[in-house]
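A.B. asks: This is the structure, below, for whatever I ask next.
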Amino acid sequence: MPITTPAQPLTKFVQSTPQPWHKALAQPAKEFAQTPLKAISGQVPDGLQGTFYQNGTGRLQRGGEPVGHWFDGDGAILRVGLSASGSTATYRYVQTKGYQAESKANKFLYGNYGRRYPGPLWEHIAGLIKGTNIKNSANTSVLALSDKLLALWEAGNPHSLDLETLETLGQESLGWLKPAQPFSAHPLKDPLSKEIYSIGVDSKCNLNIYRCDAACNLIKQTAILLKDVPFIHSFVMAGPYLVFLVSPVKINLLPLLFNQQSYADSIEWKAERGTRIIVVDRESLNVISDGHTDPWFQWHCGNGCVDTDGNIRLDFARFDDFTHINEVLREVAHGSMKTTAYGRLWQLRIDPKTGRVLSNECVVDRDCEFPQVNVAETGQPWQHTYVLMHREGVLTGQDWFGAIGRFEYGSDNLIQADLGEGHYGSEPLPVADCLSPDQGWLLEVVYNALEDRSELWIFNAETLGEPVCRLALPGVIPLNFHGTWQAA
Ligand SMILES: [Fe+2]
């Protein structure tokens, strides 16, 4: 049965030395051109044919100075082309204007999420107005279109890259985005209509919602005025609805305006406001209901659907508050996590007509993040949610994630694959087999700290267990954020 967990203890572990996983982040990652991959064990399944892309921070320092927060790093993309006849990998930085300028100067020139603008106040204010005072790091996720790859960063325009070479083609307006207009790092694609939905929270406190066709041409957009400027990092598609879980955070604008604090430091947790739940009609983009419930913070939603009773069911990785997980992510960039902030998978059921919460329960009572489902099930009834999680007995604050899990709704069964001592994971990505519709695979980029190398592991998505194939990657890939799969 699902478990409702009590409030978590919020303590700091004492760490005096960098933890092993940090070797993957400690040095700027090195690019590599397209390189044939060798199998360490097993072989790529015949039906696993396509291209895997993953984005993350390749560089967390400049001129010997560390970034302020993990989110500040420069985006770099891993591309792995998979087929039974031969697989290759490529790794390239996104050549943003900020990356190029800072490379040339060999110092930080911009503010960022965890870093104040380094220049005079008048420059900072002018840049704030134009949206150019912080660097578009293009470091969070990727969206593969038929003719280009988009490197996504939620506070600005995407960057487009060549799908094969990862050459950066430039900042991408898609023909309708204004300069610096935000386009979220977690767009959702309807597997039936192929329409793409994305969002962007702007500095005027608007939640902009974009409905696009399969090529990301705009069909319709709307804006919902929010209170303050909250984080809405991801959202949920549930049948004919979109659902936004708005956690109670507030950006204090005055210290931000006068460059006294970075974004990361100016965000305040306002538990008394509770979490707001906004349900939107997916076709008209009109608000259907707008409710409140108890406070929590989530970066990532898993999936949503409409159940047979007409109510919405969705899942998400829930934290008790924003402050502690934000601190954990700052500490990751500096090599030693001390703060505890436990994420757990929760399932929420709501009445779409009223926004009323029908139930909200913890379904995976293990410290976990990055909930993922098969993309063919996006917005549709689904049974399995995959998560990146800790090995048995390990918690955030002690070590990075070293296991993956598959939770099954109905049986409430959790199966897991322990990556092993000194092996660390990123977001697991379920992908479909192109020859057998009942077969699925799970892609996992693993940093092997024992050998100081990165590997791509392929699991049977149904059984997990031991990987069916391990491919050695040509270089160390830092712990990444999010990826996607483009079938051949
Ligand atoms: Fe994310």
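Residues in the structure tokens are numbered from 1 in each chain, the chains being A, B, ... in the order shown, and ligands are numbered from 1 in the order shown.
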List all protein, DNA and RNA residues that have an atom no more than 7 Å from any atom of ligand 1, counting only C-alpha atoms and all ligand atoms, and report them as JSON, numbers by chain.

C.D. replies: {"A": [140, 185, 186, 233, 234, 299, 300, 481, 482]}

A.B. asks: Generate a file of the selected residues that holds C-alpha atoms, formatted as a PDB file, in the first residue's frame.

C.D. replies:
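What landed in out07.pdb:
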ATOM      1  CA  THR A 140      19.180  21.591 -18.961  1.00  0.00           C
ATOM      2  CA  ALA A 185      13.391  22.645 -20.335  1.00  0.00           C
ATOM      3  CA  HIS A 186      10.547  20.159 -19.911  1.00  0.00           C
ATOM      4  CA  HIS A 233      10.225  23.697 -13.794  1.00  0.00           C
ATOM      5  CA  SER A 234       7.969  21.012 -15.255  1.00  0.00           C
ATOM      6  CA  TRP A 299      11.333  20.036  -9.754  1.00  0.00           C
ATOM      7  CA  HIS A 300      10.034  17.097 -11.723  1.00  0.00           C
ATOM      8  CA  PHE A 481      20.337  16.503 -16.239  1.00  0.00           C
ATOM      9  CA  HIS A 482      17.934  15.387 -18.992  1.00  0.00           C
TER      10      HIS A 482
END

A.B. asks: Which residues are near stretch 22-38 of chain A? Cut-off 6 Å, only C-alpha atoms, ignore same chain within fewer than 3 positions. Put them as a PyMOL selection string.

C.D. replies: chain A and resi 19+58-59+87-92+335+471-472+478

A.B. asks: Could you tell me which of A:Leu285, A:Val387, A:Val142, A:Leu242 comes closest to A:Gly343 if we count only C-alpha atoms?

C.D. replies: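 Answer, going by the shortest atom-to-atom distance: A:Val387.
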
A.B. asks: Give me the residues near stretch 272-280 of chain A as number ranges by chain, where near means some atom within 10 Å (using only C-alpha atoms) and where sequence neighbours in that chain fewer than 4 positions away do not count.

C.D. replies: A: 209, 224, 236-238, 240-249, 284-297, 312, 350-357

A.B. asks: Okay, now the selection with N, CA, C and O atoms, as a short mmCIF file (atom, residue, chain, number, x, y, z; two decimals), in the first residue's frame?

C.D. replies:
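Generated file (out-v6.cif):
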data_model
loop_
_atom_site.label_atom_id
_atom_site.label_comp_id
_atom_site.auth_asym_id
_atom_site.auth_seq_id
_atom_site.Cartn_x
_atom_site.Cartn_y
_atom_site.Cartn_z
N ILE A 209 2.03 29.72 -21.65
CA ILE A 209 1.80 28.33 -22.08
C ILE A 209 1.76 28.33 -23.61
O ILE A 209 1.04 29.13 -24.22
N ILE A 224 -0.91 33.18 -17.92
CA ILE A 224 -1.64 33.21 -16.65
C ILE A 224 -0.81 34.04 -15.68
O ILE A 224 0.36 33.72 -15.42
N VAL A 236 2.51 18.71 -16.19
CA VAL A 236 1.96 17.40 -16.50
C VAL A 236 0.92 17.51 -17.60
O VAL A 236 0.11 18.44 -17.60
N MET A 237 0.95 16.55 -18.51
CA MET A 237 -0.14 16.36 -19.46
C MET A 237 -0.99 15.22 -18.92
O MET A 237 -0.44 14.17 -18.54
N ALA A 238 -2.29 15.42 -18.87
CA ALA A 238 -3.19 14.38 -18.36
C ALA A 238 -4.42 14.35 -19.25
O ALA A 238 -5.35 15.15 -19.06
N PRO A 240 -6.96 15.40 -21.66
CA PRO A 240 -7.23 16.70 -22.29
C PRO A 240 -6.75 17.89 -21.46
O PRO A 240 -7.07 19.02 -21.78
N TYR A 241 -6.01 17.63 -20.40
CA TYR A 241 -5.61 18.70 -19.49
C TYR A 241 -4.09 18.87 -19.42
O TYR A 241 -3.33 17.93 -19.67
N LEU A 242 -3.70 20.05 -19.01
CA LEU A 242 -2.35 20.32 -18.52
C LEU A 242 -2.50 20.69 -17.05
O LEU A 242 -3.43 21.40 -16.67
N VAL A 243 -1.56 20.23 -16.23
CA VAL A 243 -1.63 20.51 -14.79
C VAL A 243 -0.32 21.14 -14.34
O VAL A 243 0.77 20.64 -14.66
N PHE A 244 -0.44 22.23 -13.60
CA PHE A 244 0.72 22.96 -13.08
C PHE A 244 0.68 22.93 -11.56
O PHE A 244 -0.30 23.36 -10.96
N LEU A 245 1.73 22.40 -10.98
CA LEU A 245 1.87 22.37 -9.52
C LEU A 245 2.81 23.52 -9.15
O LEU A 245 4.01 23.46 -9.42
N VAL A 246 2.26 24.58 -8.58
CA VAL A 246 3.03 25.79 -8.32
C VAL A 246 3.44 25.80 -6.85
O VAL A 246 2.63 26.11 -5.97
N SER A 247 4.69 25.45 -6.60
CA SER A 247 5.18 25.40 -5.22
C SER A 247 5.32 26.81 -4.66
O SER A 247 5.55 27.77 -5.39
N PRO A 248 5.21 26.95 -3.34
CA PRO A 248 5.21 28.29 -2.73
C PRO A 248 6.60 28.89 -2.55
O PRO A 248 7.11 28.95 -1.44
N VAL A 249 7.20 29.30 -3.64
CA VAL A 249 8.45 30.05 -3.54
C VAL A 249 8.23 31.45 -4.11
O VAL A 249 7.38 31.66 -4.98
N SER A 284 -7.92 24.72 -25.63
CA SER A 284 -8.19 26.16 -25.59
C SER A 284 -7.15 26.92 -24.78
O SER A 284 -7.03 28.13 -24.89
N LEU A 285 -6.45 26.21 -23.91
CA LEU A 285 -5.50 26.77 -22.95
C LEU A 285 -6.20 27.63 -21.89
O LEU A 285 -5.57 28.45 -21.22
N ASN A 286 -7.50 27.45 -21.75
CA ASN A 286 -8.23 28.15 -20.70
C ASN A 286 -8.08 27.44 -19.37
O ASN A 286 -8.02 26.21 -19.31
N VAL A 287 -8.07 28.24 -18.28
CA VAL A 287 -8.00 27.67 -16.94
C VAL A 287 -9.35 27.04 -16.60
O VAL A 287 -10.40 27.68 -16.73
N ILE A 288 -9.30 25.78 -16.14
CA ILE A 288 -10.53 25.09 -15.74
C ILE A 288 -10.72 25.17 -14.24
O ILE A 288 -11.82 25.38 -13.74
N SER A 289 -9.64 24.98 -13.50
CA SER A 289 -9.75 25.07 -12.03
C SER A 289 -8.43 25.56 -11.46
O SER A 289 -7.38 25.46 -12.11
N ASP A 290 -8.51 26.09 -10.25
CA ASP A 290 -7.35 26.73 -9.63
C ASP A 290 -7.51 26.52 -8.12
O ASP A 290 -8.33 27.17 -7.50
N GLY A 291 -6.74 25.58 -7.57
CA GLY A 291 -6.91 25.24 -6.16
C GLY A 291 -5.61 25.31 -5.39
O GLY A 291 -4.54 25.57 -5.95
N HIS A 292 -5.70 25.09 -4.09
CA HIS A 292 -4.54 25.09 -3.20
C HIS A 292 -4.56 23.85 -2.34
O HIS A 292 -5.61 23.32 -2.01
N THR A 293 -3.37 23.42 -1.95
CA THR A 293 -3.24 22.31 -1.02
C THR A 293 -2.00 22.53 -0.17
O THR A 293 -1.43 23.64 -0.17
N ASP A 294 -1.59 21.51 0.56
CA ASP A 294 -0.46 21.68 1.47
C ASP A 294 0.84 21.97 0.70
O ASP A 294 0.96 21.64 -0.47
N PRO A 295 1.85 22.57 1.36
CA PRO A 295 3.05 22.98 0.64
C PRO A 295 4.04 21.84 0.42
O PRO A 295 4.21 20.97 1.27
N TRP A 296 4.67 21.86 -0.75
CA TRP A 296 5.83 21.02 -1.02
C TRP A 296 6.57 21.67 -2.17
O TRP A 296 6.09 22.65 -2.75
N PHE A 297 7.73 21.13 -2.50
CA PHE A 297 8.44 21.59 -3.69
C PHE A 297 8.75 20.40 -4.58
O PHE A 297 9.11 19.33 -4.10
N ILE A 312 -8.05 13.26 -12.41
CA ILE A 312 -6.65 13.27 -12.86
C ILE A 312 -5.79 12.52 -11.86
O ILE A 312 -5.93 12.70 -10.64
N ILE A 350 -6.64 14.46 -8.39
CA ILE A 350 -7.43 15.69 -8.25
C ILE A 350 -8.66 15.65 -9.15
O ILE A 350 -8.67 14.98 -10.19
N ASP A 351 -9.67 16.38 -8.73
CA ASP A 351 -10.86 16.57 -9.55
C ASP A 351 -10.55 17.74 -10.49
O ASP A 351 -10.35 18.86 -10.05
N PRO A 352 -10.52 17.49 -11.80
CA PRO A 352 -10.12 18.57 -12.72
C PRO A 352 -11.09 19.74 -12.75
O PRO A 352 -10.70 20.86 -13.04
N LYS A 353 -12.33 19.47 -12.43
CA LYS A 353 -13.35 20.54 -12.52
C LYS A 353 -13.22 21.55 -11.38
O LYS A 353 -13.56 22.71 -11.53
N THR A 354 -12.75 21.08 -10.22
CA THR A 354 -12.68 21.96 -9.05
C THR A 354 -11.25 22.20 -8.57
O THR A 354 -11.01 23.12 -7.78
N GLY A 355 -10.32 21.35 -8.99
CA GLY A 355 -8.94 21.43 -8.49
C GLY A 355 -8.80 20.82 -7.10
O GLY A 355 -7.75 20.89 -6.49
N ARG A 356 -9.86 20.20 -6.61
CA ARG A 356 -9.84 19.63 -5.26
C ARG A 356 -8.96 18.38 -5.22
O ARG A 356 -9.02 17.55 -6.13
N VAL A 357 -8.14 18.30 -4.18
CA VAL A 357 -7.27 17.13 -4.01
C VAL A 357 -8.09 15.98 -3.45
O VAL A 357 -8.72 16.10 -2.40
#

A.B. asks: Return the single residue from A:Leu345, A:Ala39, A:Ala151, A:Val375 that is closest to A:Lys189, with distances computed using only C-alpha atoms.

C.D. replies: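 Among the listed residues, the smallest separation from A:Lys189 belongs to A:Val375.
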
A.B. asks: Using only C-alpha atoms, which residues sit within 8 Å of A:Glu455 once same-chain residues fewer than 2 positions away are excluded, as a list of chain:residue names?

C.D. replies: A:Val445, A:Val446, A:Tyr447, A:Asn448, A:Arg453, A:Trp457, A:Arg470, A:Leu471, A:Ala472, A:Leu473

A.B. asks: Take the residues from that selection and write them out as a CSV table (one decimal), in the first residue's frame, keeping N, CA and C atoms.

C.D. replies:
chain,number,residue,atom,x,y,z
A,445,VAL,N,23.3,6.6,-18.3
A,445,VAL,CA,24.7,7.0,-18.4
A,445,VAL,C,25.3,6.9,-17.0
A,446,VAL,N,26.3,6.1,-16.9
A,446,VAL,CA,26.9,5.8,-15.6
A,446,VAL,C,28.3,6.3,-15.5
A,447,TYR,N,28.6,7.0,-14.4
A,447,TYR,CA,30.0,7.4,-14.2
A,447,TYR,C,30.6,6.4,-13.2
A,448,ASN,N,31.7,5.7,-13.8
A,448,ASN,CA,32.4,4.7,-13.0
A,448,ASN,C,33.6,5.4,-12.3
A,453,ARG,N,35.7,6.8,-15.6
A,453,ARG,CA,35.2,6.8,-17.0
A,453,ARG,C,33.7,6.8,-17.0
A,457,TRP,N,24.9,2.3,-20.1
A,457,TRP,CA,24.3,1.0,-19.7
A,457,TRP,C,22.9,0.8,-20.3
A,470,ARG,N,26.9,-2.9,-21.8
A,470,ARG,CA,27.6,-1.7,-21.3
A,470,ARG,C,28.6,-1.2,-22.4
A,471,LEU,N,28.5,0.0,-22.8
A,471,LEU,CA,29.3,0.6,-23.8
A,471,LEU,C,30.3,1.6,-23.1
A,472,ALA,N,31.6,1.6,-23.4
A,472,ALA,CA,32.5,2.5,-22.9
A,472,ALA,C,32.4,3.8,-23.7
A,473,LEU,N,32.2,4.9,-23.0
A,473,LEU,CA,32.2,6.2,-23.7
A,473,LEU,C,33.6,6.8,-23.8

A.B. asks: Mind checking DSSP for stretch 10-223 of chain A and telling me the helix (DSSP H, G or I) residues as a list in words?

C.D. replies: Pro20, Trp21, His22, Lys23, Ala24, Leu25, Ala26, Trp70, Phe71, Asp72, Lys97, Gly98, Tyr99, Gln100, Ala101, Glu102, Ser103, Lys104, Ala105, Leu121, Trp122, Glu123, His124, Ile125, Ala126, Gly127, Leu128, Ile129 and Lys130 of chain A

A.B. asks: Let me see the file: selected residues, C-alpha atoms, as a CSV table (one decimal), in the first residue's frame.

C.D. replies:
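Ended up saving to result14.csv:
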chain,number,residue,atom,x,y,z
A,20,PRO,CA,34.0,10.1,-5.4
A,21,TRP,CA,31.2,11.1,-7.8
A,22,HIS,CA,32.6,14.6,-7.9
A,23,LYS,CA,35.5,13.5,-10.1
A,24,ALA,CA,32.9,13.6,-12.9
A,25,LEU,CA,32.3,17.3,-12.3
A,26,ALA,CA,35.7,18.5,-11.0
A,70,TRP,CA,25.3,23.5,-10.4
A,71,PHE,CA,22.7,25.2,-12.6
A,72,ASP,CA,25.3,27.8,-13.7
A,97,LYS,CA,27.4,33.7,-26.9
A,98,GLY,CA,28.2,33.6,-23.1
A,99,TYR,CA,30.3,30.4,-23.5
A,100,GLN,CA,32.3,31.9,-26.3
A,101,ALA,CA,32.8,35.3,-24.6
A,102,GLU,CA,33.8,33.7,-21.3
A,103,SER,CA,36.1,31.3,-23.1
A,104,LYS,CA,37.9,34.2,-24.8
A,105,ALA,CA,38.1,36.2,-21.5
A,121,LEU,CA,25.2,48.1,-11.2
A,122,TRP,CA,24.0,50.1,-14.1
A,123,GLU,CA,25.1,47.4,-16.5
A,124,HIS,CA,23.3,44.8,-14.3
A,125,ILE,CA,20.1,46.8,-14.3
A,126,ALA,CA,20.2,47.4,-18.1
A,127,GLY,CA,20.9,43.7,-18.6
A,128,LEU,CA,18.1,42.7,-16.3
A,129,ILE,CA,15.6,44.8,-18.3
A,130,LYS,CA,16.8,43.2,-21.6

A.B. asks: Please provide the set of residues having any atom within 8 Å of A:Gly73, restricted to only C-alpha atoms, with same-chain residues fewer than 5 positions apart removed, written as a ChimeraX atom specification.

C.D. replies: /A:56-61,67,137,139

A.B. asks: With only C-alpha atoms counted and 9 Å as the cut-off, give the residues of stretch 63-130 of chain A in contact with stretch 158-169 of chain A, each with its shortest interatomic distance in Å and the pair that gives it, as a Markdown table.

C.D. replies:
| residue | atom | partner | partner_atom | distance |
| --- | --- | --- | --- | --- |
| A:Ile77 | CA | A:Leu166 | CA | 7.5 |
| A:Leu78 | CA | A:Leu166 | CA | 8.8 |
| A:Arg79 | CA | A:Leu166 | CA | 7.9 |
| A:Thr90 | CA | A:Thr165 | CA | 7.5 |
| A:Tyr91 | CA | A:Leu166 | CA | 7.8 |
| A:Arg92 | CA | A:Leu166 | CA | 6.3 |
| A:Tyr93 | CA | A:Leu166 | CA | 8.4 |
| A:Val94 | CA | A:Thr168 | CA | 5.9 |
| A:Gln95 | CA | A:Thr168 | CA | 5.7 |
| A:Thr96 | CA | A:His159 | CA | 7.7 |

A.B. asks: I'd like the interatomic distance between atom CA of A:His324 and atom CA of A:Ala341, to a tenth of an Å.

C.D. replies: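 Separating atom CA of A:His324 from atom CA of A:Ala341 is a distance of 5.5 Å.
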
A.B. asks: Give me the residues within 8 Å of A:Leu82 as a ChimeraX atom specification, counting only C-alpha atoms and dropping any in the same chain fewer than 2 places off.

C.D. replies: /A:44,48-52,80,84,86-88

A.B. asks: DSSP on the backbone: what in stretch 147-312 of chain A comes out strand (DSSP E), as an MDAnalysis selection string?

C.D. replies: chainID A and resid 149:152 159:161 168:171 188:189 196:201 206:212 218:225 236:238 241:246 249:251 267:269 275:281 287:293 301:306 312

A.B. asks: As an exercise, work out the distance from atom CA of A:Ile40 to atom CA of A:Leu429 in Å and give it to one decimal place.

C.D. replies: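 Atom CA of A:Leu429 lies at a distance of 20.3 Å from atom CA of A:Ile40.
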
A.B. asks: I'd like the contact shell of A:Gln261 - 9 Å cut-off, only C-alpha atoms, skipping same-chain residues fewer than 6 positions apart - returned as a list in words.

C.D. replies: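 In the requested format, the answer is Gly114, Arg115, Arg116 and Pro255 of chain A.
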
A.B. asks: What does the structure give for the distance between atom CA of A:Pro187 and atom CA of A:Asn480, in Å to one decimal?

C.D. replies: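 So the answer is 17.6 Å.
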
A.B. asks: When distances are computed from only C-alpha atoms, which of A:Gly75, A:Gly310, A:Pro18, A:Pro430 shows the smallest separation from A:Leu479?

C.D. replies: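 Comparing A:Gly75, A:Gly310, A:Pro18, A:Pro430 against A:Leu479, the winner is A:Gly75.
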